[in-house]
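What follows is the content of query05.txt (compact mmCIF, C-alpha atoms and all ligand atoms).
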```
# COMPACT_ATOMS: atom_id res chain seq x y z
CA MET A 1 14.08 11.15 74.45
CA ARG A 2 10.83 12.04 72.71
CA GLN A 3 8.01 9.51 72.96
CA THR A 4 4.34 9.45 72.00
CA THR A 5 1.64 7.68 73.98
CA ASP A 6 -2.11 7.88 74.57
CA ALA A 7 -3.17 9.04 77.99
CA LEU A 8 -6.07 10.00 80.19
CA ILE A 9 -5.47 13.08 82.36
CA ILE A 10 -6.35 11.92 85.88
CA ARG A 11 -5.28 14.94 87.89
CA GLU A 12 -4.53 18.61 87.38
CA ASN A 13 -2.18 20.27 89.79
CA ASN A 14 -2.58 23.99 89.48
CA ASN A 15 -0.48 25.09 92.38
CA ILE A 16 -0.62 28.84 92.81
CA GLY A 17 2.84 30.32 92.80
CA GLU A 18 4.39 27.37 91.01
CA ALA A 19 5.71 28.30 87.60
CA ASP A 20 4.99 24.93 86.03
CA ARG A 21 1.54 23.53 85.49
CA PHE A 22 1.61 19.81 86.25
CA VAL A 23 -0.79 17.09 85.30
CA THR A 24 -0.92 13.43 86.26
CA ALA A 25 -1.67 11.16 83.33
CA LEU A 26 -2.54 7.48 83.05
CA THR A 27 -0.55 6.55 79.94
CA ARG A 28 -0.77 3.45 77.79
CA ASP A 29 2.98 2.86 77.70
CA PHE A 30 4.45 4.29 80.91
CA GLY A 31 1.64 3.90 83.45
CA VAL A 32 1.01 6.83 85.78
CA VAL A 33 3.28 9.80 85.05
CA ARG A 34 3.46 13.33 86.36
CA ALA A 35 4.27 15.77 83.60
CA SER A 36 4.79 19.46 83.19
CA ALA A 37 2.31 20.94 80.74
CA ARG A 38 4.00 24.32 80.48
CA GLY A 39 6.23 23.79 77.51
CA ALA A 40 3.72 22.23 75.19
CA ARG A 41 3.95 23.89 71.80
CA ASN A 42 0.39 23.10 70.87
CA ILE A 43 -1.25 23.93 74.15
CA LYS A 44 -3.02 26.92 72.74
CA SER A 45 -6.67 27.69 72.27
CA ARG A 46 -7.77 24.62 70.33
CA ASN A 47 -5.90 22.08 72.39
CA ALA A 48 -5.96 23.70 75.79
CA SER A 49 -8.61 21.32 77.06
CA ALA A 50 -6.53 18.31 75.97
CA THR A 51 -4.49 18.53 79.16
CA GLN A 52 -7.47 19.04 81.48
CA LEU A 53 -8.94 16.45 83.81
CA LEU A 54 -10.88 13.69 81.99
CA SER A 55 -9.27 14.39 78.63
CA TYR A 56 -8.03 11.43 76.63
CA SER A 57 -5.22 12.69 74.44
CA ARG A 58 -2.18 11.69 72.46
CA LEU A 59 0.80 13.09 74.30
CA THR A 60 4.29 13.60 73.00
CA LEU A 61 6.56 13.54 76.00
CA TYR A 62 10.16 14.47 76.65
CA ARG A 63 11.68 12.40 79.36
CA GLY A 64 13.73 14.69 81.54
CA ARG A 65 16.04 13.50 84.29
CA GLU A 66 13.33 13.62 86.93
CA LYS A 67 10.08 14.38 85.17
CA TYR A 68 8.20 14.32 81.92
CA ILE A 69 7.51 17.41 79.87
CA ILE A 70 4.54 17.48 77.50
CA ASP A 71 5.87 18.70 74.18
CA ASP A 72 2.79 18.20 72.07
CA VAL A 73 -0.79 17.18 72.69
CA GLU A 74 -3.67 16.19 70.49
CA PRO A 75 -7.15 15.54 71.93
CA ILE A 76 -8.74 12.17 71.10
CA ARG A 77 -11.84 12.18 73.33
CA ILE A 78 -12.74 14.73 75.97
CA PHE A 79 -15.40 13.62 78.43
CA PHE A 80 -17.19 16.98 78.53
CA GLU A 81 -20.49 15.28 79.38
CA LEU A 82 -19.17 14.23 82.78
CA ARG A 83 -18.34 17.78 83.85
CA SER A 84 -21.93 18.97 83.91
CA ASP A 85 -23.31 16.30 86.26
CA ILE A 86 -21.98 16.55 89.81
CA GLU A 87 -22.62 12.88 90.70
CA LYS A 88 -20.93 11.63 87.55
CA LEU A 89 -18.08 14.10 87.93
CA ALA A 90 -17.57 12.98 91.54
CA LEU A 91 -17.46 9.32 90.50
CA SER A 92 -15.08 10.10 87.62
CA GLN A 93 -12.75 11.87 90.00
CA TYR A 94 -12.90 8.89 92.34
CA PHE A 95 -12.01 6.49 89.49
CA CYS A 96 -9.12 8.80 88.60
CA GLU A 97 -7.87 8.83 92.18
CA LEU A 98 -8.11 5.03 92.30
CA ALA A 99 -6.18 4.67 89.04
CA GLY A 100 -3.53 7.04 90.36
CA VAL A 101 -3.05 4.79 93.37
CA LEU A 102 -3.43 1.36 91.74
CA ALA A 103 -1.96 1.64 88.23
CA PRO A 104 1.76 0.95 87.75
CA ARG A 105 4.50 3.51 87.23
CA GLU A 106 7.09 3.22 84.46
CA GLU A 107 5.31 0.17 83.09
CA PRO A 108 2.64 -0.25 80.40
CA ALA A 109 -0.88 0.20 81.78
CA GLU A 110 -3.08 -0.54 78.79
CA ASP A 111 -5.59 -2.58 80.84
CA PHE A 112 -6.07 0.20 83.37
CA LEU A 113 -6.43 2.77 80.60
CA ARG A 114 -9.06 0.71 78.72
CA LEU A 115 -10.99 0.07 81.93
CA MET A 116 -11.00 3.78 82.79
CA LEU A 117 -12.08 4.81 79.28
CA ASN A 118 -14.93 2.29 79.32
CA ALA A 119 -16.04 3.33 82.80
CA LEU A 120 -16.10 7.01 81.79
CA HIS A 121 -17.87 6.18 78.52
CA PHE A 122 -20.63 4.21 80.28
CA LEU A 123 -20.93 6.86 82.98
CA GLY A 124 -21.36 9.48 80.28
CA ASN A 125 -23.92 7.69 78.14
CA GLY A 126 -26.25 7.09 81.08
CA LYS A 127 -27.35 3.59 80.02
CA ARG A 128 -26.05 1.92 83.15
CA ASP A 129 -26.59 2.75 86.80
CA PRO A 130 -23.59 4.71 88.14
CA ARG A 131 -23.47 2.34 91.15
CA GLN A 132 -22.94 -0.59 88.78
CA ILE A 133 -20.12 1.23 86.96
CA LYS A 134 -18.56 2.09 90.31
CA ALA A 135 -18.61 -1.56 91.44
CA VAL A 136 -16.99 -2.74 88.19
CA ALA A 137 -14.33 -0.01 88.22
CA GLU A 138 -13.43 -0.81 91.82
CA LEU A 139 -13.29 -4.59 91.54
CA ARG A 140 -11.60 -4.80 88.13
CA MET A 141 -9.00 -2.21 89.07
CA LEU A 142 -8.28 -4.05 92.31
CA ALA A 143 -7.96 -7.33 90.39
CA LEU A 144 -5.57 -5.72 87.87
CA ALA A 145 -3.47 -4.39 90.74
CA GLY A 146 -3.21 -7.83 92.36
CA PHE A 147 -6.01 -7.57 94.93
CA MET A 148 -8.09 -10.38 93.47
CA PRO A 149 -10.77 -11.74 95.82
CA ASP A 150 -11.32 -15.50 95.82
CA LEU A 151 -14.96 -15.75 94.83
CA LEU A 152 -14.89 -19.24 93.34
CA ALA A 153 -16.04 -21.23 96.34
CA CYS A 154 -16.06 -21.55 100.12
CA ALA A 155 -12.47 -21.31 101.34
CA GLY A 156 -13.20 -24.02 103.92
CA CYS A 157 -14.94 -26.85 102.05
CA GLY A 158 -15.02 -25.78 98.41
CA ALA A 159 -18.79 -25.47 98.20
CA PHE A 160 -19.66 -23.37 95.16
CA GLU A 161 -23.03 -22.30 96.45
CA GLY A 162 -24.69 -22.77 99.79
CA GLU A 163 -27.86 -21.68 101.42
CA GLU A 164 -25.88 -18.82 102.84
CA MET A 165 -22.47 -17.52 101.88
CA TRP A 166 -20.36 -15.09 103.87
CA PHE A 167 -17.63 -12.77 102.66
CA SER A 168 -14.59 -11.42 104.45
CA ALA A 169 -13.63 -8.07 102.92
CA ARG A 170 -10.38 -8.18 104.86
CA GLU A 171 -9.30 -11.63 103.67
CA GLY A 172 -11.05 -11.44 100.30
CA LEU A 173 -12.62 -14.89 100.67
CA LEU A 174 -15.93 -16.71 100.96
CA LEU A 175 -17.14 -19.09 103.64
CA CYS A 176 -20.32 -21.12 103.74
CA SER A 177 -22.46 -21.15 106.86
CA ARG A 178 -21.06 -24.55 107.94
CA CYS A 179 -17.43 -23.40 107.72
CA ARG A 180 -18.12 -19.98 109.13
CA ALA A 181 -17.53 -21.00 112.74
CA SER A 182 -14.06 -22.34 111.92
CA ARG A 183 -12.72 -18.88 111.04
CA PRO A 184 -13.79 -16.51 113.81
CA GLY A 185 -12.75 -12.87 113.80
CA ILE A 186 -12.21 -12.35 110.07
CA GLY A 187 -15.07 -9.88 109.71
CA LEU A 188 -17.71 -11.82 107.77
CA THR A 189 -20.74 -10.16 106.21
CA PRO A 190 -23.60 -11.94 104.43
CA MET A 191 -23.06 -12.41 100.70
CA PRO A 192 -26.45 -12.74 98.98
CA GLY A 193 -26.53 -14.99 95.90
CA ASN A 194 -27.22 -12.19 93.42
CA VAL A 195 -24.37 -10.06 94.78
CA LEU A 196 -21.99 -13.04 94.61
CA ALA A 197 -23.06 -13.72 91.01
CA ALA A 198 -22.46 -10.08 90.09
CA MET A 199 -19.04 -9.98 91.77
CA ARG A 200 -18.04 -13.23 90.05
CA HIS A 201 -19.12 -11.74 86.74
CA ILE A 202 -17.12 -8.56 87.34
CA VAL A 203 -13.96 -10.40 88.34
CA TYR A 204 -14.00 -13.45 86.06
CA SER A 205 -15.74 -12.33 82.83
CA SER A 206 -13.86 -11.08 79.78
CA PHE A 207 -12.99 -7.43 79.62
CA GLU A 208 -15.55 -6.86 76.87
CA SER A 209 -18.47 -7.99 79.00
CA CYS A 210 -17.48 -6.99 82.53
CA PHE A 211 -19.84 -3.97 82.62
CA SER A 212 -22.77 -5.93 81.18
CA PHE A 213 -25.12 -7.42 83.73
CA THR A 214 -28.48 -6.51 85.19
CA MET A 215 -29.48 -6.24 88.83
CA SER A 216 -32.35 -5.01 90.95
CA ASP A 217 -32.07 -1.65 92.66
CA GLU A 218 -31.73 -3.37 96.01
CA GLY A 219 -29.09 -5.73 94.63
CA LEU A 220 -27.05 -2.82 93.29
CA ALA A 221 -27.12 -1.11 96.67
CA LEU A 222 -25.73 -4.27 98.31
CA LEU A 223 -23.18 -4.79 95.53
CA MET A 224 -21.93 -1.25 95.86
CA ARG A 225 -21.55 -1.64 99.62
CA GLN A 226 -19.71 -4.94 99.24
CA THR A 227 -17.18 -3.83 96.59
CA GLU A 228 -16.51 -0.56 98.40
CA SER A 229 -15.91 -2.23 101.72
CA PHE A 230 -13.61 -4.78 100.04
CA LEU A 231 -11.65 -1.95 98.40
CA LEU A 232 -11.28 0.17 101.55
CA SER A 233 -10.36 -2.87 103.56
CA GLN A 234 -7.74 -4.15 101.10
CA LEU A 235 -6.13 -0.75 100.54
CA ASN A 236 -6.46 0.22 104.19
CA ARG A 237 -7.00 3.88 103.39
CA GLY A 238 -9.75 6.31 102.46
CA PHE A 239 -10.28 8.44 99.37
CA LYS A 240 -11.23 12.14 99.49
CA THR A 241 -13.05 11.81 96.20
CA LEU A 242 -15.12 8.91 97.54
CA ASP A 243 -16.02 10.89 100.65
CA PHE A 244 -17.08 13.73 98.39
CA TYR A 245 -19.23 11.39 96.30
CA HIS A 246 -21.02 10.19 99.42
CA SER A 247 -21.40 13.73 100.74
CA LEU A 248 -23.44 14.74 97.69
CA SER A 249 -26.59 13.13 98.97
CA PRO A 250 -27.37 11.37 102.23
CA GLY A 251 -29.56 9.04 100.18
CA MET A 252 -26.57 8.00 98.15
CA ALA A 253 -24.69 7.17 101.32
CA ASP A 254 -27.62 5.01 102.44
CA ARG A 255 -27.53 3.27 99.11
CA GLY A 256 -23.95 2.24 99.47
CA GLY A 257 -21.41 4.06 101.50
CA ASN A 258 -19.65 3.66 104.75
CA SER A 259 -17.22 6.50 104.23
CA VAL A 260 -18.99 9.80 104.47
CA ALA A 261 -17.57 13.28 104.99
CA ALA A 262 -20.72 15.33 105.07
CA GLU A 263 -19.03 18.63 105.82
CA GLN A 264 -17.20 18.72 102.50
CA LYS A 265 -19.32 20.21 99.75
CA SER A 266 -16.78 21.21 97.13
CA PRO A 267 -14.66 18.83 95.04
CA PRO A 268 -11.38 17.95 96.78
CA ALA A 269 -8.68 20.39 95.73
CA GLY A 270 -6.37 19.19 93.02
CA SER A 271 -8.16 15.94 92.44
ZN ZN A 301 -17.71 -24.41 103.49
```
What is this file in structure tokens?
Ligand SMILES: [Zn+2]
Amino acid sequence: MRQTTDALIIRENNNIGEADRFVTALTRDFGVVRASARGARNIKSRNASATQLLSYSRLTLYRGREKYIIDDVEPIRIFFELRSDIEKLALSQYFCELAGVLAPREEPAEDFLRLMLNALHFLGNGKRDPRQIKAVAELRMLALAGFMPDLLACAGCGAFEGEEMWFSAREGLLLCSRCRASRPGIGLTPMPGNVLAAMRHIVYSSFESCFSFTMSDEGLALLMRQTESFLLSQLNRGFKTLDFYHSLSPGMADRGGNSVAAEQKSPPAGS
């Protein structure tokens, strides 16, 4: 069956010795699919880049018994601007790896696709701090995938705001300082008011405004640490692309990370 859908290429698999060239695409209608790009009629000079990483393209796919084959491809928007900036490229690759893990398969994934396109657009235009875009991409993607933190109020007494709030990245919940003692051993870290406000905005605001908020430099550093630790804790795994992002500059790791692979200085293969 021949079907057309819009898709962002989130991974290129150029395995040496393999006859087929595979890509992984986040599609509007079928979620994450792995497709062979070899047979595409129009993958010639003009459209060659339409099946490269960070290309948003209209794909015409044949559904084979076990895999998809790209029959035709037409570029819609290619994020060239992200390829020339190593920090932005690293973050883009991390978002792509996240989408590959969190977005559904064989199901529509329009929300994931829109979120990814907006994140890449804002990363490219340079009007927002990359750390802010990272926090939104992480939290909104987690929420879409069913890992929604409860940021409404203290899980113990329902207090909306206290003098001090604490967050458990493992449980995805808030506790006020009075209720804190009642839940020992759930890994609480302080949740400053501005970070809580930003996380509430990211999770509960409409899609159109989720990237739009302002924060101090210090606040962004804390926000980035909080969303990343929530993500790693919920998914219980690491990401090569995230390690690479943190390896780019020790300063960047200080600003946010807790997952650093300093020895790795080239982008993770195949990501
Ligand atoms: Zn409480």
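Applying the 10 Å criterion to (-11.3, 14.1, 77.5) in file coordinates and using all atoms listed in the file, one obtains the residues Ala7, Leu8, Ile9, Ile10, Ser49, Ala50, Thr51, Gln52, Leu53, Leu54, Ser55, Tyr56, Ser57, Pro75, Ile76, Arg77, Ile78, Phe79, Phe80, Glu81, Leu82, Leu117 and Leu120 of chain A.
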Could you pull out the residues sitting within 6 Å of ligand ZN 301 (chain A), using only C-alpha atoms and all ligand atoms, and write them as a JSON list (two decimals) with C-alpha atoms, keeping the file's coordinate frame?
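Wrote selection.json, looks like this:
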```
[["chain", "number", "residue", "atom", "x", "y", "z"],
["A", 154, "CYS", "CA", -16.06, -21.55, 100.12],
["A", 156, "GLY", "CA", -13.20, -24.02, 103.92],
["A", 157, "CYS", "CA", -14.94, -26.85, 102.05],
["A", 158, "GLY", "CA", -15.02, -25.78, 98.41],
["A", 159, "ALA", "CA", -18.79, -25.47, 98.20],
["A", 175, "LEU", "CA", -17.14, -19.09, 103.64],
["A", 176, "CYS", "CA", -20.32, -21.12, 103.74],
["A", 178, "ARG", "CA", -21.06, -24.55, 107.94],
["A", 179, "CYS", "CA", -17.43, -23.40, 107.72]]
```
CA of Leu102 in chain A to CA of Glu87 in chain A, straight-line distance in Å: 22.4 Å
With all atoms listed in the file counted and 12 Å as the cut-off, give the residues of range 103-139 of chain A in contact with range 194-209 of chain A, each with its shortest interatomic distance in Å and the pair that gives it, as a tab-separated table.
```
residue	atom	partner	partner_atom	distance
A:Asp111	CA	A:Phe207	CA	8.9
A:Phe112	CA	A:Phe207	CA	11.0
A:Arg114	CA	A:Phe207	CA	9.1
A:Leu115	CA	A:Phe207	CA	8.1
A:Met116	CA	A:Phe207	CA	11.8
A:Asn118	CA	A:Glu208	CA	9.5
A:Ala119	CA	A:Phe207	CA	11.6
A:Gln132	CA	A:Ala198	CA	9.6
A:Ile133	CA	A:Ile202	CA	10.2
A:Lys134	CA	A:Ile202	CA	11.1
A:Ala135	CA	A:Ile202	CA	8.2
A:Val136	CA	A:Ile202	CA	5.9
A:Ala137	CA	A:Ile202	CA	9.0
A:Glu138	CA	A:Ile202	CA	9.7
A:Leu139	CA	A:Val203	CA	6.7
```
Give me the residues within 9 Å of Glu12 in chain A as a CSV table (one decimal) with C-alpha atoms, keeping the file's coordinate frame, counting all atoms listed in the file and dropping any in the same chain fewer than 6 places off.
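In the end it all went to result39.csv:
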```csv
chain,number,residue,atom,x,y,z
A,21,ARG,CA,1.5,23.5,85.5
A,22,PHE,CA,1.6,19.8,86.2
A,23,VAL,CA,-0.8,17.1,85.3
A,24,THR,CA,-0.9,13.4,86.3
A,25,ALA,CA,-1.7,11.2,83.3
A,51,THR,CA,-4.5,18.5,79.2
A,52,GLN,CA,-7.5,19.0,81.5
A,53,LEU,CA,-8.9,16.4,83.8
A,270,GLY,CA,-6.4,19.2,93.0
A,271,SER,CA,-8.2,15.9,92.4
```
How far is it from CA of Arg180 in chain A to CA of Ala221 in chain A, in Å with one decimal? 24.3 Å
Rounded to one decimal place, report the CA of Gly100 in chain A-CA of Asn236 in chain A distance in Å. 15.7 Å
